[in-house]
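J.: To be precise about what I am sending: the file is called coords.cif and holds mmCIF, C-alpha atoms, pLDDT in the B column; chains and numbers go by the auth columns.
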```
data_start
loop_
_atom_site.group_PDB
_atom_site.id
_atom_site.type_symbol
_atom_site.label_atom_id
_atom_site.label_comp_id
_atom_site.label_asym_id
_atom_site.label_seq_id
_atom_site.Cartn_x
_atom_site.Cartn_y
_atom_site.Cartn_z
_atom_site.B_iso_or_equiv
_atom_site.auth_seq_id
_atom_site.auth_asym_id
ATOM 1 C CA MET A 1 32.978 -57.655 -52.152 50.00 1 A
ATOM 2 C CA ALA A 2 31.824 -55.612 -49.135 54.00 2 A
ATOM 3 C CA ILE A 3 34.673 -53.098 -49.371 63.00 3 A
ATOM 4 C CA GLU A 4 34.165 -52.655 -53.124 85.00 4 A
ATOM 5 C CA ALA A 5 30.387 -52.229 -52.819 86.00 5 A
ATOM 6 C CA GLN A 6 30.740 -49.798 -49.914 87.00 6 A
ATOM 7 C CA GLN A 7 33.307 -47.728 -51.810 90.00 7 A
ATOM 8 C CA LYS A 8 31.122 -47.548 -54.901 93.00 8 A
ATOM 9 C CA LEU A 9 28.108 -46.597 -52.794 94.00 9 A
ATOM 10 C CA SER A 10 30.075 -43.808 -51.121 93.00 10 A
ATOM 11 C CA THR A 11 30.819 -42.250 -54.523 94.00 11 A
ATOM 12 C CA LEU A 12 27.078 -41.722 -55.063 96.00 12 A
ATOM 13 C CA ARG A 13 26.899 -39.150 -52.274 92.00 13 A
ATOM 14 C CA LYS A 14 27.755 -36.524 -54.877 90.00 14 A
ATOM 15 C CA SER A 15 26.517 -36.591 -58.452 91.00 15 A
ATOM 16 C CA CYS A 16 29.189 -36.850 -61.146 92.00 16 A
ATOM 17 C CA LEU A 17 26.828 -35.263 -63.681 96.00 17 A
ATOM 18 C CA VAL A 18 26.566 -31.617 -64.710 95.00 18 A
ATOM 19 C CA ARG A 19 23.115 -30.064 -64.557 94.00 19 A
ATOM 20 C CA ASP A 20 21.911 -28.233 -67.669 94.00 20 A
ATOM 21 C CA ASP A 21 18.893 -25.905 -67.382 92.00 21 A
ATOM 22 C CA SER A 22 19.321 -24.236 -70.779 92.00 22 A
ATOM 23 C CA GLY A 23 16.594 -26.216 -72.552 89.00 23 A
ATOM 24 C CA PRO A 24 12.826 -26.553 -72.073 92.00 24 A
ATOM 25 C CA PHE A 25 13.454 -28.919 -69.145 93.00 25 A
ATOM 26 C CA ARG A 26 16.402 -29.893 -66.991 94.00 26 A
ATOM 27 C CA VAL A 27 18.866 -32.547 -68.165 96.00 27 A
ATOM 28 C CA TYR A 28 22.204 -33.850 -66.898 97.00 28 A
ATOM 29 C CA ARG A 29 25.422 -34.582 -68.792 97.00 29 A
ATOM 30 C CA ASP A 30 28.514 -36.634 -68.027 95.00 30 A
ATOM 31 C CA ASP A 31 32.132 -36.062 -69.059 93.00 31 A
ATOM 32 C CA ALA A 32 31.623 -38.102 -72.231 92.00 32 A
ATOM 33 C CA GLY A 33 28.773 -35.857 -73.353 90.00 33 A
ATOM 34 C CA SER A 34 25.971 -38.362 -72.685 95.00 34 A
ATOM 35 C CA THR A 35 22.652 -36.806 -71.710 97.00 35 A
ATOM 36 C CA PHE A 36 20.389 -38.049 -68.929 98.00 36 A
ATOM 37 C CA HIS A 37 16.806 -36.955 -68.297 98.00 37 A
ATOM 38 C CA SER A 38 15.449 -36.714 -64.773 97.00 38 A
ATOM 39 C CA VAL A 39 13.462 -39.637 -63.391 98.00 39 A
ATOM 40 C CA THR A 40 10.646 -37.344 -62.274 95.00 40 A
ATOM 41 C CA HIS A 41 10.336 -35.711 -65.700 96.00 41 A
ATOM 42 C CA ILE A 42 10.124 -39.085 -67.429 97.00 42 A
ATOM 43 C CA LEU A 43 7.440 -40.177 -64.958 96.00 43 A
ATOM 44 C CA LYS A 44 5.463 -36.972 -65.537 93.00 44 A
ATOM 45 C CA GLU A 45 5.579 -37.290 -69.323 94.00 45 A
ATOM 46 C CA THR A 46 4.612 -40.986 -69.333 95.00 46 A
ATOM 47 C CA ALA A 47 1.891 -40.818 -66.665 89.00 47 A
ATOM 48 C CA PRO A 48 -1.524 -42.257 -67.583 78.00 48 A
ATOM 49 C CA GLU A 49 -3.769 -39.862 -69.471 75.00 49 A
ATOM 50 C CA TRP A 50 -6.228 -39.597 -66.576 63.00 50 A
ATOM 51 C CA GLN A 51 -3.414 -38.455 -64.257 71.00 51 A
ATOM 52 C CA GLN A 52 -2.211 -35.843 -66.712 69.00 52 A
ATOM 53 C CA LYS A 53 -5.742 -34.485 -67.196 62.00 53 A
ATOM 54 C CA ALA A 54 -6.304 -34.403 -63.428 63.00 54 A
ATOM 55 C CA LEU A 55 -3.080 -32.422 -63.036 58.00 55 A
ATOM 56 C CA GLU A 56 -4.128 -30.010 -65.780 59.00 56 A
ATOM 57 C CA ARG A 57 -7.495 -29.425 -64.065 65.00 57 A
ATOM 58 C CA TRP A 58 -5.794 -28.860 -60.732 55.00 58 A
ATOM 59 C CA LEU A 59 -3.309 -26.395 -62.242 60.00 59 A
ATOM 60 C CA ALA A 60 -6.173 -24.492 -63.851 63.00 60 A
ATOM 61 C CA ARG A 61 -7.835 -23.887 -60.465 67.00 61 A
ATOM 62 C CA PRO A 62 -7.496 -20.408 -58.916 68.00 62 A
ATOM 63 C CA GLY A 63 -4.743 -20.445 -56.310 60.00 63 A
ATOM 64 C CA SER A 64 -3.205 -23.685 -57.560 57.00 64 A
ATOM 65 C CA GLU A 65 0.201 -22.049 -58.037 66.00 65 A
ATOM 66 C CA GLN A 66 0.281 -20.938 -54.411 66.00 66 A
ATOM 67 C CA ASP A 67 -0.890 -24.393 -53.285 62.00 67 A
ATOM 68 C CA ARG A 68 1.872 -25.992 -55.338 71.00 68 A
ATOM 69 C CA ASP A 69 4.524 -23.690 -53.846 76.00 69 A
ATOM 70 C CA THR A 70 3.230 -24.403 -50.338 79.00 70 A
ATOM 71 C CA ALA A 71 3.331 -28.156 -50.939 84.00 71 A
ATOM 72 C CA ALA A 72 6.846 -27.932 -52.390 86.00 72 A
ATOM 73 C CA THR A 73 8.117 -25.963 -49.392 92.00 73 A
ATOM 74 C CA ARG A 74 6.439 -28.368 -46.987 93.00 74 A
ATOM 75 C CA GLY A 75 7.978 -31.335 -48.775 94.00 75 A
ATOM 76 C CA THR A 76 11.454 -29.788 -48.769 96.00 76 A
ATOM 77 C CA LEU A 77 11.309 -29.032 -45.046 97.00 77 A
ATOM 78 C CA ALA A 78 10.136 -32.546 -44.182 97.00 78 A
ATOM 79 C CA HIS A 79 12.769 -34.123 -46.450 97.00 79 A
ATOM 80 C CA ASN A 80 15.527 -31.986 -44.928 97.00 80 A
ATOM 81 C CA HIS A 81 14.445 -33.036 -41.437 98.00 81 A
ATOM 82 C CA ALA A 82 14.583 -36.736 -42.317 98.00 82 A
ATOM 83 C CA GLU A 83 17.935 -36.235 -44.041 98.00 83 A
ATOM 84 C CA TYR A 84 19.385 -34.522 -40.965 98.00 84 A
ATOM 85 C CA ILE A 85 18.257 -37.311 -38.637 98.00 85 A
ATOM 86 C CA LEU A 86 19.611 -40.076 -40.866 98.00 86 A
ATOM 87 C CA LYS A 87 22.947 -38.414 -41.623 98.00 87 A
ATOM 88 C CA THR A 88 23.539 -37.373 -38.020 98.00 88 A
ATOM 89 C CA GLY A 89 22.372 -40.746 -36.724 98.00 89 A
ATOM 90 C CA ALA A 90 24.697 -42.535 -39.146 98.00 90 A
ATOM 91 C CA GLN A 91 27.684 -40.428 -38.035 98.00 91 A
ATOM 92 C CA LEU A 92 27.021 -41.102 -34.359 98.00 92 A
ATOM 93 C CA ALA A 93 26.486 -44.827 -34.955 98.00 93 A
ATOM 94 C CA ARG A 94 29.651 -45.053 -37.061 97.00 94 A
ATOM 95 C CA LYS A 95 31.804 -43.486 -34.342 98.00 95 A
ATOM 96 C CA ALA A 96 30.379 -45.783 -31.673 98.00 96 A
ATOM 97 C CA ALA A 97 30.710 -48.895 -33.850 98.00 97 A
ATOM 98 C CA ASN A 98 34.294 -48.030 -34.810 97.00 98 A
ATOM 99 C CA LYS A 99 35.266 -47.743 -31.148 97.00 99 A
ATOM 100 C CA ARG A 100 33.792 -51.172 -30.447 96.00 100 A
ATOM 101 C CA ASN A 101 35.031 -52.692 -33.733 96.00 101 A
ATOM 102 C CA VAL A 102 31.636 -54.329 -34.312 97.00 102 A
ATOM 103 C CA TRP A 103 31.205 -53.961 -38.071 95.00 103 A
ATOM 104 C CA LYS A 104 30.286 -57.124 -39.976 93.00 104 A
ATOM 105 C CA SER A 105 30.391 -57.764 -43.745 90.00 105 A
ATOM 106 C CA HIS A 106 27.330 -59.361 -45.332 91.00 106 A
ATOM 107 C CA SER A 107 26.736 -61.318 -48.516 89.00 107 A
ATOM 108 C CA ASP A 108 24.872 -58.396 -50.119 90.00 108 A
ATOM 109 C CA GLY A 109 28.128 -56.412 -50.219 88.00 109 A
ATOM 110 C CA LEU A 110 27.316 -54.102 -47.312 94.00 110 A
ATOM 111 C CA GLU A 111 28.766 -53.690 -43.839 94.00 111 A
ATOM 112 C CA ARG A 112 26.532 -53.321 -40.800 96.00 112 A
ATOM 113 C CA CYS A 113 26.946 -52.539 -37.134 97.00 113 A
ATOM 114 C CA PRO A 114 24.423 -53.861 -34.578 97.00 114 A
ATOM 115 C CA GLY A 115 20.969 -52.384 -35.074 97.00 115 A
ATOM 116 C CA SER A 116 20.895 -51.261 -31.454 97.00 116 A
ATOM 117 C CA ILE A 117 23.804 -48.884 -32.136 98.00 117 A
ATOM 118 C CA THR A 118 22.043 -47.441 -35.186 98.00 118 A
ATOM 119 C CA SER A 119 18.844 -46.978 -33.161 98.00 119 A
ATOM 120 C CA TRP A 120 20.833 -45.209 -30.443 98.00 120 A
ATOM 121 C CA GLY A 121 22.422 -42.876 -33.004 98.00 121 A
ATOM 122 C CA ILE A 122 19.046 -42.048 -34.543 98.00 122 A
ATOM 123 C CA GLU A 123 17.511 -41.302 -31.151 98.00 123 A
ATOM 124 C CA ARG A 124 20.378 -38.958 -30.315 98.00 124 A
ATOM 125 C CA ALA A 125 19.934 -37.247 -33.680 98.00 125 A
ATOM 126 C CA ILE A 126 16.203 -36.817 -33.080 98.00 126 A
ATOM 127 C CA GLN A 127 16.848 -35.226 -29.690 97.00 127 A
ATOM 128 C CA GLY A 128 19.231 -32.671 -31.203 97.00 128 A
ATOM 129 C CA ALA A 129 17.418 -32.005 -34.474 97.00 129 A
ATOM 130 C CA PRO A 130 16.611 -28.378 -35.389 96.00 130 A
ATOM 131 C CA ARG A 131 13.007 -27.358 -34.972 96.00 131 A
ATOM 132 C CA VAL A 132 10.893 -27.591 -38.135 96.00 132 A
ATOM 133 C CA PRO A 133 8.687 -24.606 -39.117 95.00 133 A
ATOM 134 C CA TRP A 134 5.027 -24.975 -38.190 94.00 134 A
ATOM 135 C CA SER A 135 3.834 -25.537 -41.777 92.00 135 A
ATOM 136 C CA ALA A 136 5.759 -28.814 -42.005 96.00 136 A
ATOM 137 C CA ALA A 137 6.024 -29.778 -38.329 97.00 137 A
ATOM 138 C CA GLY A 138 3.367 -32.504 -38.435 96.00 138 A
ATOM 139 C CA TYR A 139 4.845 -34.131 -41.538 97.00 139 A
ATOM 140 C CA ALA A 140 8.362 -34.030 -40.068 97.00 140 A
ATOM 141 C CA ARG A 141 7.115 -35.468 -36.772 97.00 141 A
ATOM 142 C CA GLY A 142 5.569 -38.412 -38.594 97.00 142 A
ATOM 143 C CA LEU A 143 8.763 -39.114 -40.552 98.00 143 A
ATOM 144 C CA ARG A 144 11.101 -38.945 -37.559 97.00 144 A
ATOM 145 C CA GLY A 145 8.787 -41.137 -35.484 98.00 145 A
ATOM 146 C CA TRP A 146 8.720 -43.754 -38.228 98.00 146 A
ATOM 147 C CA ILE A 147 12.497 -43.572 -38.725 98.00 147 A
ATOM 148 C CA GLY A 148 13.134 -43.971 -35.009 98.00 148 A
ATOM 149 C CA LYS A 149 10.934 -47.056 -34.772 98.00 149 A
ATOM 150 C CA ASN A 150 11.963 -48.851 -37.961 98.00 150 A
ATOM 151 C CA VAL A 151 15.445 -48.034 -39.281 98.00 151 A
ATOM 152 C CA THR A 152 18.142 -50.490 -38.160 98.00 152 A
ATOM 153 C CA ALA A 153 20.933 -49.668 -40.653 98.00 153 A
ATOM 154 C CA ILE A 154 21.750 -46.561 -42.701 98.00 154 A
ATOM 155 C CA HIS A 155 23.688 -47.363 -45.882 97.00 155 A
ATOM 156 C CA ALA A 156 23.233 -44.144 -47.880 97.00 156 A
ATOM 157 C CA VAL A 157 21.291 -40.887 -47.655 98.00 157 A
ATOM 158 C CA GLU A 158 20.490 -38.718 -50.696 97.00 158 A
ATOM 159 C CA PHE A 159 22.468 -40.783 -53.211 97.00 159 A
ATOM 160 C CA SER A 160 22.594 -39.932 -56.920 97.00 160 A
ATOM 161 C CA ILE A 161 22.144 -42.441 -59.738 97.00 161 A
ATOM 162 C CA HIS A 162 22.203 -42.485 -63.535 97.00 162 A
ATOM 163 C CA HIS A 163 21.681 -45.260 -66.072 98.00 163 A
ATOM 164 C CA PRO A 164 22.532 -45.983 -69.723 97.00 164 A
ATOM 165 C CA ALA A 165 18.801 -46.056 -70.468 98.00 165 A
ATOM 166 C CA GLY A 166 19.052 -42.272 -70.259 98.00 166 A
ATOM 167 C CA PHE A 167 17.798 -41.325 -66.799 98.00 167 A
ATOM 168 C CA ALA A 168 19.254 -39.789 -63.650 98.00 168 A
ATOM 169 C CA GLY A 169 17.936 -38.924 -60.217 97.00 169 A
ATOM 170 C CA THR A 170 18.519 -38.757 -56.488 97.00 170 A
ATOM 171 C CA CYS A 171 17.078 -41.309 -54.065 98.00 171 A
ATOM 172 C CA ASP A 172 16.299 -40.343 -50.483 98.00 172 A
ATOM 173 C CA ALA A 173 17.847 -43.337 -48.714 98.00 173 A
ATOM 174 C CA LEU A 174 19.102 -46.921 -48.741 98.00 174 A
ATOM 175 C CA LEU A 175 18.257 -48.474 -45.373 98.00 175 A
ATOM 176 C CA ASP A 176 17.596 -51.638 -43.427 98.00 176 A
ATOM 177 C CA ILE A 177 14.078 -51.695 -42.032 98.00 177 A
ATOM 178 C CA GLN A 178 13.580 -53.766 -38.892 97.00 178 A
ATOM 179 C CA GLY A 179 16.619 -55.840 -39.750 96.00 179 A
ATOM 180 C CA LYS A 180 15.743 -56.401 -43.421 96.00 180 A
ATOM 181 C CA GLY A 181 17.471 -54.764 -46.353 94.00 181 A
ATOM 182 C CA PRO A 182 18.896 -53.070 -48.187 97.00 182 A
ATOM 183 C CA VAL A 183 15.657 -51.253 -48.957 98.00 183 A
ATOM 184 C CA VAL A 184 15.325 -48.274 -51.328 98.00 184 A
ATOM 185 C CA VAL A 185 13.258 -45.584 -49.588 98.00 185 A
ATOM 186 C CA ASP A 186 11.630 -42.399 -50.839 98.00 186 A
ATOM 187 C CA TRP A 187 9.892 -39.788 -48.661 98.00 187 A
ATOM 188 C CA LYS A 188 6.699 -38.071 -49.808 97.00 188 A
ATOM 189 C CA THR A 189 4.226 -35.683 -48.186 96.00 189 A
ATOM 190 C CA SER A 190 0.471 -35.496 -48.714 93.00 190 A
ATOM 191 C CA GLN A 191 -2.485 -34.021 -46.870 88.00 191 A
ATOM 192 C CA ARG A 192 -4.620 -36.980 -47.939 88.00 192 A
ATOM 193 C CA GLU A 193 -4.003 -40.698 -48.124 91.00 193 A
ATOM 194 C CA ARG A 194 -2.862 -41.766 -51.584 91.00 194 A
ATOM 195 C CA SER A 195 -4.751 -44.421 -53.543 89.00 195 A
ATOM 196 C CA GLU A 196 -2.863 -47.296 -55.156 91.00 196 A
ATOM 197 C CA ASP A 197 -3.357 -45.632 -58.551 88.00 197 A
ATOM 198 C CA MET A 198 -1.856 -42.402 -57.253 87.00 198 A
ATOM 199 C CA LEU A 199 1.105 -44.316 -55.812 94.00 199 A
ATOM 200 C CA THR A 200 2.004 -45.860 -59.185 94.00 200 A
ATOM 201 C CA ASN A 201 4.444 -43.109 -60.179 94.00 201 A
ATOM 202 C CA TYR A 202 6.158 -43.295 -56.789 96.00 202 A
ATOM 203 C CA ILE A 203 6.496 -47.076 -57.100 97.00 203 A
ATOM 204 C CA ASP A 204 8.019 -46.849 -60.585 98.00 204 A
ATOM 205 C CA GLN A 205 10.319 -44.093 -59.312 98.00 205 A
ATOM 206 C CA LEU A 206 11.728 -46.579 -56.799 98.00 206 A
ATOM 207 C CA GLY A 207 12.266 -48.993 -59.682 98.00 207 A
ATOM 208 C CA ALA A 208 14.409 -46.368 -61.420 98.00 208 A
ATOM 209 C CA TYR A 209 16.521 -45.790 -58.325 98.00 209 A
ATOM 210 C CA SER A 210 16.993 -49.524 -57.823 98.00 210 A
ATOM 211 C CA LEU A 211 18.162 -49.924 -61.425 98.00 211 A
ATOM 212 C CA GLY A 212 20.672 -47.111 -61.060 98.00 212 A
ATOM 213 C CA LEU A 213 21.939 -48.451 -57.744 98.00 213 A
ATOM 214 C CA MET A 214 22.516 -51.923 -59.196 97.00 214 A
ATOM 215 C CA ARG A 215 24.200 -50.542 -62.304 97.00 215 A
ATOM 216 C CA LEU A 216 26.639 -48.311 -60.408 96.00 216 A
ATOM 217 C CA THR A 217 27.440 -50.416 -57.343 96.00 217 A
ATOM 218 C CA GLY A 218 26.283 -53.994 -57.956 95.00 218 A
ATOM 219 C CA ILE A 219 24.052 -53.722 -54.870 96.00 219 A
ATOM 220 C CA LYS A 220 20.691 -55.392 -55.433 96.00 220 A
ATOM 221 C CA ALA A 221 17.924 -53.909 -53.309 97.00 221 A
ATOM 222 C CA ALA A 222 15.838 -56.466 -51.417 97.00 222 A
ATOM 223 C CA GLY A 223 12.745 -54.268 -51.528 98.00 223 A
ATOM 224 C CA ALA A 224 11.520 -50.693 -51.436 98.00 224 A
ATOM 225 C CA LEU A 225 9.273 -48.355 -49.480 98.00 225 A
ATOM 226 C CA VAL A 226 7.238 -45.280 -50.290 98.00 226 A
ATOM 227 C CA VAL A 227 6.774 -43.394 -47.007 98.00 227 A
ATOM 228 C CA VAL A 228 4.080 -40.725 -47.334 97.00 228 A
ATOM 229 C CA ALA A 229 4.146 -38.311 -44.403 97.00 229 A
ATOM 230 C CA ARG A 230 0.787 -36.890 -43.299 95.00 230 A
ATOM 231 C CA ARG A 231 -0.088 -33.663 -41.497 94.00 231 A
ATOM 232 C CA THR A 232 -1.097 -35.697 -38.444 94.00 232 A
ATOM 233 C CA GLY A 233 -0.524 -39.286 -37.405 94.00 233 A
ATOM 234 C CA ALA A 234 1.717 -41.998 -38.777 95.00 234 A
ATOM 235 C CA PRO A 235 2.891 -41.955 -42.403 97.00 235 A
ATOM 236 C CA GLN A 236 1.185 -44.022 -45.087 97.00 236 A
ATOM 237 C CA ILE A 237 3.489 -46.883 -46.042 98.00 237 A
ATOM 238 C CA ARG A 238 3.576 -48.694 -49.382 98.00 238 A
ATOM 239 C CA GLU A 239 6.029 -51.568 -49.153 98.00 239 A
ATOM 240 C CA LEU A 240 7.375 -53.311 -52.243 98.00 240 A
ATOM 241 C CA SER A 241 8.600 -56.872 -52.004 98.00 241 A
ATOM 242 C CA GLU A 242 11.686 -57.817 -53.988 97.00 242 A
ATOM 243 C CA LEU A 243 9.452 -59.246 -56.721 98.00 243 A
ATOM 244 C CA GLU A 244 7.336 -56.077 -56.850 98.00 244 A
ATOM 245 C CA LEU A 245 10.499 -53.979 -57.066 98.00 245 A
ATOM 246 C CA ARG A 246 11.729 -56.016 -60.045 98.00 246 A
ATOM 247 C CA GLY A 247 8.348 -55.320 -61.657 98.00 247 A
ATOM 248 C CA ALA A 248 8.729 -51.585 -60.968 98.00 248 A
ATOM 249 C CA GLU A 249 12.156 -51.685 -62.609 98.00 249 A
ATOM 250 C CA ALA A 250 10.705 -53.301 -65.736 98.00 250 A
ATOM 251 C CA ARG A 251 7.860 -50.791 -65.894 98.00 251 A
ATOM 252 C CA PHE A 252 10.193 -47.842 -65.600 98.00 252 A
ATOM 253 C CA LEU A 253 12.397 -49.146 -68.405 98.00 253 A
ATOM 254 C CA ASP A 254 9.279 -49.482 -70.527 98.00 254 A
ATOM 255 C CA ARG A 255 8.338 -45.902 -69.684 97.00 255 A
ATOM 256 C CA CYS A 256 11.831 -44.788 -70.709 98.00 256 A
ATOM 257 C CA GLU A 257 11.400 -46.463 -74.088 97.00 257 A
ATOM 258 C CA ARG A 258 8.051 -44.737 -74.631 96.00 258 A
ATOM 259 C CA TYR A 259 9.447 -41.389 -73.442 97.00 259 A
ATOM 260 C CA PHE A 260 12.452 -41.388 -75.766 97.00 260 A
ATOM 261 C CA ALA A 261 10.419 -42.761 -78.685 97.00 261 A
ATOM 262 C CA ALA A 262 7.890 -39.901 -78.467 87.00 262 A
#
```
Would you write the structure of this file as structure tokens?

T.:
Amino acid sequence: MAIEAQQKLSTLRKSCLVRDDSGPFRVYRDDAGSTFHSVTHILKETAPEWQQKALERWLARPGSEQDRDTAATRGTLAHNHAEYILKTGAQLARKAANKRNVWKSHSDGLERCPGSITSWGIERAIQGAPRVPWSAAGYARGLRGWIGKNVTAIHAVEFSIHHPAGFAGTCDALLDIQGKGPVVVDWKTSQRERSEDMLTNYIDQLGAYSLGLMRLTGIKAAGALVVVARRTGAPQIRELSELELRGAEARFLDRCERYFAA
């Protein structure tokens, strides 16, 4: 079970879908000709009316385009920093664990080395990480601090999913957090703390990733986390229990039905 699940998870490092930007919005296609719409586009189109109107008002403001570009760049830089630390930390931990032959298979289908080795690898990665440009430095600092304190196993970083319901996307990470997992994790950045209403799309996004992960690998996530990096201080954390994650999965499937029925 562990070997099969690990092998299937490893195949998600690279998407097997072909991106198509020829239409009014991006879609993805597989070898059989099936079409998949992006998770984020489905979320945008099925967001509550008040959210869509708020976005329209914000986009109508002078300078909103520049603000949006700045936020996108900031988010990309912070994401890339977290990705570097996790991927480099995982490589270092894997080499050390292989030398000691300390991998153990677990009932969830995943293999783990001792959390202390993963923590060591992450700390080494943090020490050698490239410097982040000033505009995103605070956000990146918050993410790497949180990763260093909480991540005890790194199962996948930037893994791609798709689902017969018609959606596809890329999740930031599948991790163990303080010894518990696997947990689906997505990084966000925001100048201000997000209300529960504003977090709804992010929560349902995690439901989509969990569905795709289960469909493609058989791995059932034990929970999920939205980690919202801030300009200063620790990130805002929204943790989903396993029950809440199952609810997010159901809501996203409902949103898919409404999206494709429109």

J.: Using only C-alpha atoms, which of A:His79, A:Arg19, A:His163, A:Arg215 sits nearest Val228 (chain A)?

T.: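 Among the listed residues, A:His79 lies closest to Val228 (chain A).
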
J.: Can you pull out every residue within 10 Å of Glu244 (chain A), counting only C-alpha atoms, but drop anything in the same chain fewer than 6 positions away, and send it as a list in words?

T.: Ile203, Asp204, Gly207, Gly223, Ala224 and Ala250 of chain A

J.: I'd like the interatomic distance between CA of Ile147 (chain A) and CA of Ser10 (chain A), to a tenth of an Å.

T.: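 These two atoms are separated by 21.5 Å.
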
J.: Residues within 12 Å of Glu4 (chain A), please, as an MDAnalysis selection string. Count all atoms listed in the file; anything in the same chain fewer than 4 positions from it doesn't count.

T.: chainID A and resid 8:11 105 108:111 216:219

J.: Please produce a file of the residues just selected, as an mmCIF file, keeping the file's coordinate frame, where the atoms kept are C-alpha atoms.

T.:
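Generated file (part-v3.cif):
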```
data_model
loop_
_atom_site.group_PDB
_atom_site.id
_atom_site.type_symbol
_atom_site.label_atom_id
_atom_site.label_comp_id
_atom_site.auth_asym_id
_atom_site.auth_seq_id
_atom_site.Cartn_x
_atom_site.Cartn_y
_atom_site.Cartn_z
ATOM 1 C CA LYS A 8 31.122 -47.548 -54.901
ATOM 2 C CA LEU A 9 28.108 -46.597 -52.794
ATOM 3 C CA SER A 10 30.075 -43.808 -51.121
ATOM 4 C CA THR A 11 30.819 -42.250 -54.523
ATOM 5 C CA SER A 105 30.391 -57.764 -43.745
ATOM 6 C CA ASP A 108 24.872 -58.396 -50.119
ATOM 7 C CA GLY A 109 28.128 -56.412 -50.219
ATOM 8 C CA LEU A 110 27.316 -54.102 -47.312
ATOM 9 C CA GLU A 111 28.766 -53.690 -43.839
ATOM 10 C CA LEU A 216 26.639 -48.311 -60.408
ATOM 11 C CA THR A 217 27.440 -50.416 -57.343
ATOM 12 C CA GLY A 218 26.283 -53.994 -57.956
ATOM 13 C CA ILE A 219 24.052 -53.722 -54.870
#
```

J.: Take the PyMOL selection byres ((chain A and resi 176) around 10), run it mentally on this structure, and tell me the resulting residues as number ranges by chain.

T.: A: 112, 115, 150-155, 173-175, 177-185, 222-223

J.: Mind writing the picked residues with C-alpha atoms as a PDB file, in the frame of the given file?

T.:
```pdb
ATOM      1  CA  ARG A 112      26.532 -53.321 -40.800  1.00 96.00           C
ATOM      2  CA  GLY A 115      20.969 -52.384 -35.074  1.00 97.00           C
ATOM      3  CA  ASN A 150      11.963 -48.851 -37.961  1.00 98.00           C
ATOM      4  CA  VAL A 151      15.445 -48.034 -39.281  1.00 98.00           C
ATOM      5  CA  THR A 152      18.142 -50.490 -38.160  1.00 98.00           C
ATOM      6  CA  ALA A 153      20.933 -49.668 -40.653  1.00 98.00           C
ATOM      7  CA  ILE A 154      21.750 -46.561 -42.701  1.00 98.00           C
ATOM      8  CA  HIS A 155      23.688 -47.363 -45.882  1.00 97.00           C
ATOM      9  CA  ALA A 173      17.847 -43.337 -48.714  1.00 98.00           C
ATOM     10  CA  LEU A 174      19.102 -46.921 -48.741  1.00 98.00           C
ATOM     11  CA  LEU A 175      18.257 -48.474 -45.373  1.00 98.00           C
ATOM     12  CA  ILE A 177      14.078 -51.695 -42.032  1.00 98.00           C
ATOM     13  CA  GLN A 178      13.580 -53.766 -38.892  1.00 97.00           C
ATOM     14  CA  GLY A 179      16.619 -55.840 -39.750  1.00 96.00           C
ATOM     15  CA  LYS A 180      15.743 -56.401 -43.421  1.00 96.00           C
ATOM     16  CA  GLY A 181      17.471 -54.764 -46.353  1.00 94.00           C
ATOM     17  CA  PRO A 182      18.896 -53.070 -48.187  1.00 97.00           C
ATOM     18  CA  VAL A 183      15.657 -51.253 -48.957  1.00 98.00           C
ATOM     19  CA  VAL A 184      15.325 -48.274 -51.328  1.00 98.00           C
ATOM     20  CA  VAL A 185      13.258 -45.584 -49.588  1.00 98.00           C
ATOM     21  CA  ALA A 222      15.838 -56.466 -51.417  1.00 97.00           C
ATOM     22  CA  GLY A 223      12.745 -54.268 -51.528  1.00 98.00           C
TER      23      GLY A 223
END
```

J.: With distances taken over all atoms listed in the file, which of A:Phe25, A:Ala32, A:Glu193, A:Gly121 is nearest to Glu45 (chain A)?

T.: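 Of A:Phe25, A:Ala32, A:Glu193, A:Gly121, the one nearest Glu45 (chain A) is A:Phe25, counting all atoms listed in the file.
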
J.: Between A:Arg141, A:Lys95, A:Arg194, A:His162, which has the minimum distance to Ser15 (chain A) (counting all atoms listed in the file)?

T.: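 Ranking A:Arg141, A:Lys95, A:Arg194, A:His162 by distance to Ser15 (chain A), first place goes to A:His162.
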
J.: With 8 Å added on each side, what axis-aligned box encloses every listed atom of region 25-30 of chain A? Give the centre and edge lengths in Å to one decimal, as JSON.

T.:
```
{"center_x": 21.0, "center_y": -32.8, "center_z": -68.0, "size_x": 31.1, "size_y": 23.7, "size_z": 18.2}
```

J.: Could you check which of A:Ala234, A:Met198, A:Leu253, A:Ala136 is closest to Thr73 (chain A), using only C-alpha atoms?

T.: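 Of the candidates, the smallest distance to Thr73 (chain A) is held by A:Ala136.
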
J.: If you measure from CA of Gln127 (chain A) to CA of Ile237 (chain A), what distance in Å do you get, rounded to one decimal?

T.: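 Between these atoms lies a distance of 24.1 Å.
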
J.: Go through A:Cys171, A:Cys113, A:Leu199, A:Val226 one by one, measure the shortest atom-to-atom distance of each to Arg13 (chain A) using all atoms listed in the file, and give the residue with the smallest value.

T.: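 When distances to Arg13 (chain A) are compared using all atoms listed in the file, the smallest one comes from A:Cys171.
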
J.: Pull out every residue that the PyMOL selection byres ((chain A and resi 74) around 12) matches in the shown coordinates and put them as a ChimeraX atom specification.

T.: /A:67-73,75-81,132-140,188-191,229-231
